[in-house]
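J.: I'm passing along entry.txt; it holds compact mmCIF, C-alpha atoms.
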# COMPACT_ATOMS: atom_id res chain seq x y z
CA MET C 1 -8.19 95.08 90.91
CA LYS C 2 -10.74 92.35 91.61
CA SER C 3 -11.62 90.95 95.02
CA ILE C 4 -13.85 88.24 96.38
CA VAL C 5 -15.16 87.78 99.90
CA LEU C 6 -15.81 84.17 100.89
CA GLY C 7 -18.80 84.14 103.25
CA GLY C 8 -22.01 86.12 102.96
CA GLY C 9 -22.58 86.81 106.63
CA ALA C 10 -22.77 90.21 108.28
CA TRP C 11 -19.02 90.70 108.53
CA GLY C 12 -18.33 89.37 105.05
CA ILE C 13 -20.82 91.86 103.60
CA SER C 14 -19.31 94.63 105.72
CA ILE C 15 -15.86 93.84 104.36
CA ALA C 16 -17.25 93.90 100.83
CA TYR C 17 -18.82 97.29 101.54
CA LEU C 18 -15.49 98.70 102.75
CA LEU C 19 -13.93 97.67 99.43
CA HIS C 20 -16.90 99.00 97.47
CA ILE C 21 -16.55 102.50 98.91
CA LYS C 22 -12.93 102.43 97.70
CA ASN C 23 -14.21 101.70 94.17
CA ILE C 24 -12.77 98.20 94.16
CA ASP C 25 -14.53 95.49 92.16
CA VAL C 26 -15.89 93.10 94.80
CA SER C 27 -18.11 90.04 94.82
CA VAL C 28 -19.30 87.84 97.68
CA TRP C 29 -19.43 84.04 97.56
CA GLU C 30 -22.23 82.48 99.58
CA TYR C 31 -22.21 78.68 99.83
CA ASP C 32 -25.98 78.30 100.24
CA LYS C 33 -27.62 78.80 96.85
CA GLU C 34 -30.97 79.94 98.24
CA SER C 35 -29.34 82.47 100.57
CA CYS C 36 -27.14 83.68 97.71
CA GLU C 37 -30.13 84.30 95.44
CA LYS C 38 -31.98 86.07 98.25
CA LEU C 39 -29.04 88.39 98.90
CA GLN C 40 -28.66 89.15 95.20
CA SER C 41 -32.33 89.99 94.77
CA THR C 42 -33.33 91.68 98.05
CA ARG C 43 -29.98 93.41 98.90
CA TYR C 44 -30.77 93.12 102.61
CA ILE C 45 -29.74 90.93 105.53
CA LYS C 46 -32.14 92.49 108.00
CA GLU C 47 -31.71 90.01 110.84
CA ARG C 48 -28.04 90.98 111.01
CA LEU C 49 -27.61 94.42 109.46
CA GLY C 50 -31.05 95.94 109.89
CA ASP C 51 -32.01 98.47 107.21
CA PHE C 52 -28.60 98.58 105.55
CA ARG C 53 -29.08 98.10 101.80
CA ILE C 54 -26.24 96.33 100.06
CA PRO C 55 -25.08 98.42 97.06
CA ASP C 56 -26.02 97.02 93.66
CA GLU C 57 -22.37 97.04 92.60
CA ILE C 58 -21.60 94.25 95.12
CA SER C 59 -22.48 91.01 93.36
CA PHE C 60 -23.25 87.65 94.97
CA THR C 61 -22.28 84.27 93.55
CA ASN C 62 -22.67 80.62 94.44
CA GLU C 63 -19.74 79.65 92.18
CA ILE C 64 -16.39 79.79 93.94
CA THR C 65 -13.65 78.30 91.76
CA GLU C 66 -13.65 80.68 88.79
CA ASN C 67 -14.29 83.73 90.97
CA VAL C 68 -11.29 82.95 93.18
CA LYS C 69 -9.14 82.31 90.08
CA GLU C 70 -9.98 85.76 88.73
CA ALA C 71 -9.51 87.65 92.02
CA ASP C 72 -6.40 89.53 93.08
CA ILE C 73 -7.54 89.71 96.71
CA VAL C 74 -9.25 86.69 98.33
CA ILE C 75 -10.85 87.38 101.71
CA ASN C 76 -11.99 84.63 104.06
CA ALA C 77 -15.02 85.55 106.15
CA VAL C 78 -16.23 81.99 106.73
CA PRO C 79 -16.32 81.07 110.46
CA THR C 80 -13.19 79.27 111.61
CA GLN C 81 -14.75 75.87 112.26
CA PHE C 82 -16.08 75.71 108.67
CA ILE C 83 -13.14 77.08 106.70
CA ARG C 84 -11.97 73.75 105.30
CA SER C 85 -15.43 73.09 103.81
CA TYR C 86 -14.62 75.00 100.62
CA PHE C 87 -10.95 74.08 100.21
CA LYS C 88 -11.74 71.24 97.77
CA TYR C 89 -13.15 73.77 95.30
CA ILE C 90 -10.02 75.95 95.22
CA LYS C 91 -7.22 73.45 95.93
CA ASP C 92 -5.75 73.64 92.44
CA ILE C 93 -5.64 77.43 92.18
CA ASP C 94 -2.29 79.22 92.05
CA PHE C 95 -2.30 81.96 94.71
CA THR C 96 1.24 83.18 93.99
CA ASN C 97 0.13 86.58 92.68
CA LYS C 98 -2.84 86.97 95.02
CA ILE C 99 -3.14 88.15 98.61
CA VAL C 100 -5.26 86.04 100.95
CA VAL C 101 -6.79 87.97 103.85
CA ASN C 102 -8.52 86.38 106.82
CA VAL C 103 -11.18 88.35 108.70
CA SER C 104 -12.59 85.49 110.83
CA LYS C 105 -11.51 84.78 114.39
CA GLY C 106 -10.92 81.68 116.44
CA ILE C 107 -8.85 78.51 116.71
CA GLU C 108 -9.84 75.32 114.91
CA VAL C 109 -11.10 72.83 117.50
CA SER C 110 -10.24 69.68 115.56
CA SER C 111 -6.58 70.59 115.07
CA GLY C 112 -5.78 73.38 117.53
CA LYS C 113 -4.41 75.40 114.61
CA ASP C 114 -4.81 79.08 113.92
CA ILE C 115 -6.19 80.23 110.58
CA ARG C 116 -2.81 81.21 109.16
CA ASN C 117 -1.50 77.68 109.64
CA ILE C 118 -4.66 76.13 108.19
CA PHE C 119 -4.22 78.04 104.93
CA ILE C 120 -0.45 77.72 104.63
CA GLU C 121 -0.47 73.98 105.32
CA ASN C 122 -3.20 73.31 102.74
CA PHE C 123 -2.02 75.51 99.86
CA ASP C 124 1.55 75.45 98.50
CA THR C 125 1.19 78.93 97.01
CA ILE C 126 -0.21 80.60 100.13
CA THR C 127 2.77 81.63 102.25
CA ASP C 128 3.70 84.16 104.89
CA ASP C 129 4.51 86.53 102.03
CA ASN C 130 0.94 86.68 100.69
CA PHE C 131 -1.21 85.92 103.74
CA ALA C 132 -2.62 88.65 105.98
CA ILE C 133 -5.18 89.21 108.72
CA LEU C 134 -7.52 92.15 109.20
CA ALA C 135 -8.76 92.40 112.79
CA GLY C 136 -9.63 94.78 115.58
CA PRO C 137 -12.56 96.32 117.46
CA SER C 138 -15.31 96.54 114.85
CA PHE C 139 -18.98 95.59 114.76
CA ALA C 140 -20.56 95.02 111.36
CA LYS C 141 -23.51 97.33 112.02
CA GLU C 142 -21.18 100.20 112.93
CA VAL C 143 -19.29 99.73 109.67
CA THR C 144 -22.36 99.57 107.44
CA LEU C 145 -25.70 100.70 108.88
CA ASN C 146 -24.35 103.54 111.02
CA PRO C 147 -20.73 104.12 109.93
CA THR C 148 -18.63 105.39 112.82
CA PRO C 149 -14.87 106.03 113.11
CA THR C 150 -13.26 102.60 113.47
CA THR C 151 -9.65 101.46 113.80
CA VAL C 152 -8.27 97.99 113.07
CA VAL C 153 -4.98 96.26 112.21
CA ALA C 154 -3.70 94.59 109.05
CA SER C 155 -1.10 92.01 110.01
CA SER C 156 1.27 89.91 107.92
CA LYS C 157 4.72 88.46 108.47
CA ASN C 158 5.57 90.37 105.30
CA ILE C 159 5.20 94.05 106.23
CA GLU C 160 4.76 95.03 102.57
CA THR C 161 1.71 92.77 102.38
CA ALA C 162 0.38 94.22 105.64
CA ASN C 163 0.84 97.74 104.29
CA THR C 164 -0.91 96.82 101.02
CA ILE C 165 -3.98 95.61 102.92
CA ARG C 166 -3.77 98.63 105.23
CA ASP C 167 -3.91 101.00 102.27
CA LEU C 168 -6.57 98.94 100.49
CA PHE C 169 -9.10 99.23 103.33
CA SER C 170 -8.26 102.63 104.83
CA SER C 171 -10.92 105.31 104.44
CA PRO C 172 -11.96 108.51 106.24
CA TYR C 173 -13.91 106.51 108.81
CA PHE C 174 -12.04 103.18 108.74
CA ARG C 175 -8.42 103.65 109.84
CA VAL C 176 -6.07 100.68 109.46
CA TYR C 177 -2.70 100.22 111.13
CA SER C 178 -0.19 97.53 110.14
CA ASN C 179 2.10 95.15 112.01
CA CYS C 180 3.98 91.86 111.60
CA ASP C 181 2.71 90.01 114.67
CA VAL C 182 0.26 87.61 113.01
CA VAL C 183 0.35 85.24 116.00
CA GLY C 184 -0.50 88.00 118.47
CA VAL C 185 -3.31 89.36 116.32
CA GLU C 186 -4.83 85.89 115.92
CA ILE C 187 -4.56 85.06 119.63
CA GLY C 188 -6.07 88.39 120.66
CA GLY C 189 -8.97 87.99 118.26
CA SER C 190 -9.63 84.47 119.54
CA ILE C 191 -9.26 84.73 123.31
CA LYS C 192 -11.17 88.01 123.62
CA ASN C 193 -14.28 86.10 122.52
CA VAL C 194 -13.89 83.75 125.49
CA ILE C 195 -13.52 86.71 127.85
CA ALA C 196 -16.59 88.29 126.22
CA ILE C 197 -18.66 85.24 127.14
CA ALA C 198 -17.51 85.67 130.74
CA ALA C 199 -18.35 89.40 130.60
CA GLY C 200 -21.85 88.62 129.40
CA MET C 201 -22.29 86.16 132.26
CA LEU C 202 -21.33 88.81 134.80
CA ASP C 203 -23.81 91.29 133.39
CA GLY C 204 -26.49 88.62 133.15
CA MET C 205 -25.97 87.93 136.84
CA ASP C 206 -26.18 91.67 137.59
CA LEU C 207 -22.71 91.84 139.08
CA GLY C 208 -21.15 95.27 139.25
CA ASN C 209 -18.45 97.38 137.68
CA ASN C 210 -15.80 96.15 140.11
CA THR C 211 -16.27 92.61 138.86
CA LYS C 212 -16.21 93.64 135.20
CA ALA C 213 -12.99 95.61 135.72
CA ALA C 214 -11.40 92.60 137.41
CA LEU C 215 -12.44 90.32 134.55
CA LEU C 216 -11.09 92.58 131.80
CA THR C 217 -7.79 93.14 133.58
CA ARG C 218 -7.14 89.53 134.47
CA GLY C 219 -8.53 88.38 131.13
CA LEU C 220 -5.97 90.54 129.36
CA ALA C 221 -3.25 89.09 131.62
CA GLU C 222 -4.02 85.50 130.67
CA MET C 223 -4.48 86.37 126.99
CA THR C 224 -1.02 87.96 127.02
CA ARG C 225 0.51 85.09 128.99
CA PHE C 226 -0.79 82.56 126.49
CA GLY C 227 0.13 84.66 123.47
CA VAL C 228 3.73 85.16 124.55
CA ALA C 229 4.04 81.43 125.24
CA VAL C 230 3.14 80.60 121.64
CA GLY C 231 5.34 83.25 120.03
CA ALA C 232 3.39 86.53 120.07
CA LYS C 233 4.78 89.92 121.01
CA ARG C 234 3.65 91.16 124.41
CA GLU C 235 3.02 94.70 123.17
CA THR C 236 0.43 93.51 120.63
CA PHE C 237 -2.02 92.81 123.45
CA SER C 238 -1.88 96.44 124.54
CA GLY C 239 -3.13 97.44 121.10
CA LEU C 240 -6.27 97.29 119.01
CA THR C 241 -6.40 93.51 118.61
CA GLY C 242 -5.81 92.93 122.32
CA ILE C 243 -7.30 95.30 124.87
CA GLY C 244 -9.06 97.30 122.14
CA ASP C 245 -11.05 94.36 120.81
CA MET C 246 -11.70 93.14 124.34
CA ILE C 247 -13.18 96.46 125.49
CA LEU C 248 -15.58 96.44 122.55
CA THR C 249 -16.63 92.81 122.69
CA CYS C 250 -17.05 92.65 126.46
CA ASN C 251 -19.32 95.66 126.74
CA SER C 252 -21.96 95.41 124.02
CA ASN C 253 -24.90 93.20 123.20
CA LEU C 254 -23.89 93.57 119.54
CA SER C 255 -21.33 90.90 120.40
CA ARG C 256 -22.65 87.37 119.81
CA ASN C 257 -20.26 86.02 122.42
CA TYR C 258 -21.40 88.56 124.99
CA GLN C 259 -25.02 87.59 124.20
CA VAL C 260 -24.27 83.91 124.86
CA GLY C 261 -22.70 84.75 128.22
CA TYR C 262 -25.49 87.13 129.18
CA ARG C 263 -28.17 84.53 128.56
CA ILE C 264 -26.22 81.91 130.52
CA GLY C 265 -25.95 84.44 133.35
CA LYS C 266 -29.75 84.70 133.24
CA GLY C 267 -30.06 80.94 133.63
CA GLU C 268 -30.51 79.68 130.05
CA LYS C 269 -28.83 76.52 128.76
CA LEU C 270 -26.09 76.72 126.13
CA LYS C 271 -27.84 74.39 123.67
CA ASP C 272 -31.03 76.44 123.75
CA ILE C 273 -29.07 79.65 123.21
CA LEU C 274 -27.11 78.32 120.24
CA ASP C 275 -30.23 76.81 118.66
CA ASP C 276 -31.83 80.24 118.85
CA MET C 277 -28.92 82.21 117.37
CA VAL C 278 -28.71 83.26 113.72
CA MET C 279 -24.95 83.88 113.71
CA VAL C 280 -21.98 81.88 115.01
CA ALA C 281 -20.55 82.73 118.44
CA GLU C 282 -16.96 81.63 117.83
CA GLY C 283 -15.94 82.04 121.47
CA VAL C 284 -17.89 78.93 122.47
CA GLU C 285 -15.67 76.51 120.58
CA THR C 286 -12.61 78.69 121.18
CA ALA C 287 -13.08 78.22 124.95
CA ARG C 288 -12.80 74.47 124.51
CA ILE C 289 -9.65 74.46 122.40
CA ALA C 290 -7.99 77.39 124.22
CA TYR C 291 -8.31 75.54 127.52
CA LYS C 292 -6.74 72.42 125.97
CA LEU C 293 -3.91 74.42 124.41
CA SER C 294 -3.24 76.23 127.71
CA LYS C 295 -2.70 72.87 129.39
CA ASP C 296 -0.56 71.60 126.51
CA ASN C 297 1.65 74.70 126.77
CA GLY C 298 1.75 74.82 130.58
CA VAL C 299 0.06 78.25 130.70
CA GLN C 300 -2.34 79.22 133.47
CA MET C 301 -5.64 80.53 132.04
CA PRO C 302 -8.06 80.31 134.98
CA ILE C 303 -10.82 82.43 133.42
CA THR C 304 -10.75 80.42 130.20
CA GLU C 305 -10.78 77.24 132.27
CA MET C 306 -13.90 78.36 134.13
CA VAL C 307 -15.68 79.50 130.96
CA ASN C 308 -14.96 76.09 129.43
CA GLY C 309 -16.28 74.42 132.59
CA ILE C 310 -19.51 76.44 132.55
CA LEU C 311 -20.10 75.80 128.84
CA PHE C 312 -19.21 72.12 128.65
CA GLU C 313 -19.00 70.67 132.17
CA ASP C 314 -22.15 72.15 133.69
CA ILE C 315 -20.27 74.17 136.31
CA ASP C 316 -22.50 76.77 137.95
CA PRO C 317 -21.33 80.34 137.13
CA LYS C 318 -21.51 81.38 140.80
CA ALA C 319 -19.37 78.40 141.80
CA ALA C 320 -16.88 79.28 139.05
CA ILE C 321 -16.56 82.84 140.31
CA LYS C 322 -16.03 81.63 143.86
CA LYS C 323 -13.31 79.25 142.68
CA LEU C 324 -11.54 82.06 140.85
CA MET C 325 -11.70 84.35 143.87
CA LEU C 326 -10.30 81.68 146.20
CA ARG C 327 -7.35 80.70 144.02
CA GLU C 328 -3.92 80.66 145.67
CA ARG C 329 -2.78 84.20 146.44
CA LYS C 330 0.06 85.54 144.30
CA GLU C 331 1.83 88.65 143.09
CA GLU C 332 0.14 90.44 140.22
CA ASP C 333 1.59 89.56 136.83
Could you express the structure from this file as C-alpha cells?
T.:
Amino acid sequence: MKSIVLGGGAWGISIAYLLHIKNIDVSVWEYDKESCEKLQSTRYIKERLGDFRIPDEISFTNEITENVKEADIVINAVPTQFIRSYFKYIKDIDFTNKIVVNVSKGIEVSSGKDIRNIFIENFDTITDDNFAILAGPSFAKEVTLNPTPTTVVASSKNIETANTIRDLFSSPYFRVYSNCDVVGVEIGGSIKNVIAIAAGMLDGMDLGNNTKAALLTRGLAEMTRFGVAVGAKRETFSGLTGIGDMILTCNSNLSRNYQVGYRIGKGEKLKDILDDMVMVAEGVETARIAYKLSKDNGVQMPITEMVNGILFEDIDPKAAIKKLMLRERKEED
C-alpha cells in the first residue's frame, strides 16, 4: 500500500509518521520547493516539532500529480483556506480505487463549505464512499516528539471506509474510533478552534477557572446547536471531536488558536500576532464564516459572534464579556 500526505507542516509530518510506524510506504508533498528540499535533507522542522527527527523512510517531494496517481491513500493536510490551490494538478486523476482522508480543520471562508463538500464537488470520483476524516484531540508534538496515548476518530458516511482508516492508523499509543457522522466531526473540529481563541483571551486577561468553565460549557452548547441545525448528530459533540478536542485546544499553549487568543488578551493586535506566527491558526477565519453561517441558519452563537467582533470589528474583549453576561436571561439549553 502506498500513501501520500499533501502538506509538509507539523501535522502532515505527524500523520506521515503514524503511517511509517505501521510500515506503510508514505511520502509527503510540500508545495514550496525550497522547503521540500530542506525537509528532505535536514529531516527536521525544529520550529514546529523541536528535536523530532523525521525517519529517512519518509520521503519528500515537490511533484504532486504522479505521486497522487500512484497512491492508494491520499491525505490532505493543507490548511482549509488553501486546499483548492493544488486541485488543478490532480483534477484529471481517477480516485475511484483510492481513499481520500482529510486531517485539516475549518470551513472555507469564500464558500462557507466544509472540506468534504469541497472535495466531492470538485472531483467526480471522490464520493461519500471513499472520503473520510481523521480528527480528534491531538497535538503534533505529542504524536511525534513525545508520543503519548492519543485517541481520535475516523469518520466517513461509508462505515467500511471509516473502519479501514481506523485500522490503518491504530497503534499501541494512537487509538482510533470510527463513526459515520462526517458533518458532526467537521463542525466540532472547526468550531472548537473559535472557542479556543476565546479561551486564550480569558487566560491572557488572567480571568479565573469559573470563567473558563463557563466558556467551555456554553461553547459546547452553541457548537452542538449549530451542528444539529446543519445535520450533525447531537451525541457526536459529547465525544472526542466535540468536547474532547475542545478540552485539549482550550487549555494548552501548544494550540495556535489558543496562542492567538492569549496574545489578544494581553493587548496585542491580531495583525501583529498573525504576522509573527509560523503556522496557520484556522480558528481566525473560521470565526468569520461560522458567525455568517449561524445567521444564515438562524442559530444563536453568541460566543462565536463576540470572537468575530473582537477579531474583525475591534470590539474590546472586556466589553464583549460584559455583553455576553448581560444577555437576556433564559433556561439552560
J.: I'd like the neighbourhood of range 147-160 of chain C as JSON, numbers by chain, where a residue qualifies if any of its atoms comes within 6 Å (using all atoms listed in the file), though same-chain residues fewer than 6 positions away should be ignored.
T.: {"C": [128, 129, 132, 133, 134, 135, 136, 166, 173, 174, 175, 176, 177, 178, 179, 180, 182]}
J.: Could the residues in this selection be written to a file with C-alpha atoms, as a PDB file, in the frame of the given file?
T.:
ATOM      1  CA  ASP C 128       3.700  84.160 104.890  1.00  0.00           C
ATOM      2  CA  ASP C 129       4.510  86.530 102.030  1.00  0.00           C
ATOM      3  CA  ALA C 132      -2.620  88.650 105.980  1.00  0.00           C
ATOM      4  CA  ILE C 133      -5.180  89.210 108.720  1.00  0.00           C
ATOM      5  CA  LEU C 134      -7.520  92.150 109.200  1.00  0.00           C
ATOM      6  CA  ALA C 135      -8.760  92.400 112.790  1.00  0.00           C
ATOM      7  CA  GLY C 136      -9.630  94.780 115.580  1.00  0.00           C
ATOM      8  CA  ARG C 166      -3.770  98.630 105.230  1.00  0.00           C
ATOM      9  CA  TYR C 173     -13.910 106.510 108.810  1.00  0.00           C
ATOM     10  CA  PHE C 174     -12.040 103.180 108.740  1.00  0.00           C
ATOM     11  CA  ARG C 175      -8.420 103.650 109.840  1.00  0.00           C
ATOM     12  CA  VAL C 176      -6.070 100.680 109.460  1.00  0.00           C
ATOM     13  CA  TYR C 177      -2.700 100.220 111.130  1.00  0.00           C
ATOM     14  CA  SER C 178      -0.190  97.530 110.140  1.00  0.00           C
ATOM     15  CA  ASN C 179       2.100  95.150 112.010  1.00  0.00           C
ATOM     16  CA  CYS C 180       3.980  91.860 111.600  1.00  0.00           C
ATOM     17  CA  VAL C 182       0.260  87.610 113.010  1.00  0.00           C
TER      18      VAL C 182
END
J.: Looking at all atoms listed in the file, which of C:Val109, C:Ile118, C:Met246, C:Val185 is the one that sits closest to Ala221 in chain C?
T.: C:Met246
J.: List as CSV every residue of range 172-207 of chain C that is in contact with range 240-243 of chain C, defined as an atom at most 10 Å from one of its atoms (using all atoms listed in the file), together with the nearest atom pair and the distance in Å rounded to one decimal, sorted by chain and then rising number.
T.:
residue,atom,partner,partner_atom,distance
C:Tyr177,CA,C:Leu240,CA,9.1
C:Gly184,CA,C:Thr241,CA,8.1
C:Val185,CA,C:Thr241,CA,5.7
C:Glu186,CA,C:Thr241,CA,8.2
C:Ile187,CA,C:Gly242,CA,8.4
C:Gly188,CA,C:Gly242,CA,4.8
C:Gly189,CA,C:Thr241,CA,6.1
C:Ser190,CA,C:Thr241,CA,9.6
C:Ile191,CA,C:Gly242,CA,9.0
C:Lys192,CA,C:Gly242,CA,7.4
J.: Might you pull out every residue within 12 Å of Asn257 in chain C, with only C-alpha atoms counted and same-chain residues fewer than 3 positions away left off, and present them as a PyMOL selection string?
T.: chain C and resi 105-106+190-201+246+248-254+260-264+270+273-274+277+279-287+307
J.: So which one's closest to Arg225 in chain C, C:Glu313, C:Asp333, C:Glu63, C:Asp167? Using all atoms listed in the file, please.
T.: C:Asp333
J.: With all atoms listed in the file as the counted atoms, please give the residues lying no more than 7 Å from Ile58 in chain C, apart from itself and same-chain residues fewer than 2 positions off, as a list in words.
T.: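 So, after excluding close chain neighbours, the residues are Val26, Ser27, Pro55, Asp56 and Phe60 of chain C.
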J.: Could you get me a file of range 179-191 of chain C with N, CA, C and O atoms, as a PDB file, in the first residue's frame, taken from the block above?
T.:
ATOM      1  N   ASN C 179     -16.842   6.419  13.120  1.00  0.00           N
ATOM      2  CA  ASN C 179     -18.268   6.759  13.101  1.00  0.00           C
ATOM      3  C   ASN C 179     -18.664   7.231  11.706  1.00  0.00           C
ATOM      4  O   ASN C 179     -17.819   7.346  10.808  1.00  0.00           O
ATOM      5  N   CYS C 180     -19.950   7.512  11.525  1.00  0.00           N
ATOM      6  CA  CYS C 180     -20.475   7.927  10.218  1.00  0.00           C
ATOM      7  C   CYS C 180     -20.904   9.390  10.183  1.00  0.00           C
ATOM      8  O   CYS C 180     -21.442   9.848   9.176  1.00  0.00           O
ATOM      9  N   ASP C 181     -20.687  10.112  11.278  1.00  0.00           N
ATOM     10  CA  ASP C 181     -21.172  11.491  11.345  1.00  0.00           C
ATOM     11  C   ASP C 181     -20.098  12.469  10.864  1.00  0.00           C
ATOM     12  O   ASP C 181     -19.500  13.204  11.652  1.00  0.00           O
ATOM     13  N   VAL C 182     -19.893  12.506   9.556  1.00  0.00           N
ATOM     14  CA  VAL C 182     -18.874  13.386   8.978  1.00  0.00           C
ATOM     15  C   VAL C 182     -19.181  14.853   9.284  1.00  0.00           C
ATOM     16  O   VAL C 182     -18.287  15.635   9.616  1.00  0.00           O
ATOM     17  N   VAL C 183     -20.447  15.223   9.189  1.00  0.00           N
ATOM     18  CA  VAL C 183     -20.827  16.620   9.446  1.00  0.00           C
ATOM     19  C   VAL C 183     -20.478  17.018  10.885  1.00  0.00           C
ATOM     20  O   VAL C 183     -19.876  18.071  11.133  1.00  0.00           O
ATOM     21  N   GLY C 184     -20.842  16.172  11.836  1.00  0.00           N
ATOM     22  CA  GLY C 184     -20.550  16.478  13.236  1.00  0.00           C
ATOM     23  C   GLY C 184     -19.073  16.572  13.531  1.00  0.00           C
ATOM     24  O   GLY C 184     -18.609  17.459  14.264  1.00  0.00           O
ATOM     25  N   VAL C 185     -18.298  15.664  12.947  1.00  0.00           N
ATOM     26  CA  VAL C 185     -16.846  15.667  13.155  1.00  0.00           C
ATOM     27  C   VAL C 185     -16.237  16.939  12.576  1.00  0.00           C
ATOM     28  O   VAL C 185     -15.373  17.575  13.192  1.00  0.00           O
ATOM     29  N   GLU C 186     -16.693  17.341  11.388  1.00  0.00           N
ATOM     30  CA  GLU C 186     -16.156  18.558  10.772  1.00  0.00           C
ATOM     31  C   GLU C 186     -16.554  19.808  11.560  1.00  0.00           C
ATOM     32  O   GLU C 186     -15.722  20.712  11.762  1.00  0.00           O
ATOM     33  N   ILE C 187     -17.794  19.869  12.005  1.00  0.00           N
ATOM     34  CA  ILE C 187     -18.238  21.044  12.771  1.00  0.00           C
ATOM     35  C   ILE C 187     -17.487  21.135  14.095  1.00  0.00           C
ATOM     36  O   ILE C 187     -17.011  22.204  14.497  1.00  0.00           O
ATOM     37  N   GLY C 188     -17.347  20.011  14.784  1.00  0.00           N
ATOM     38  CA  GLY C 188     -16.616  20.015  16.050  1.00  0.00           C
ATOM     39  C   GLY C 188     -15.185  20.484  15.877  1.00  0.00           C
ATOM     40  O   GLY C 188     -14.686  21.322  16.639  1.00  0.00           O
ATOM     41  N   GLY C 189     -14.509  19.960  14.846  1.00  0.00           N
ATOM     42  CA  GLY C 189     -13.129  20.331  14.601  1.00  0.00           C
ATOM     43  C   GLY C 189     -12.954  21.777  14.194  1.00  0.00           C
ATOM     44  O   GLY C 189     -11.876  22.353  14.372  1.00  0.00           O
ATOM     45  N   SER C 190     -14.008  22.377  13.653  1.00  0.00           N
ATOM     46  CA  SER C 190     -13.941  23.773  13.219  1.00  0.00           C
ATOM     47  C   SER C 190     -14.271  24.743  14.347  1.00  0.00           C
ATOM     48  O   SER C 190     -13.499  25.666  14.640  1.00  0.00           O
ATOM     49  N   ILE C 191     -15.408  24.540  14.988  1.00  0.00           N
ATOM     50  CA  ILE C 191     -15.885  25.500  15.987  1.00  0.00           C
ATOM     51  C   ILE C 191     -15.033  25.488  17.250  1.00  0.00           C
ATOM     52  O   ILE C 191     -14.849  26.514  17.902  1.00  0.00           O
TER      53      ILE C 191
END
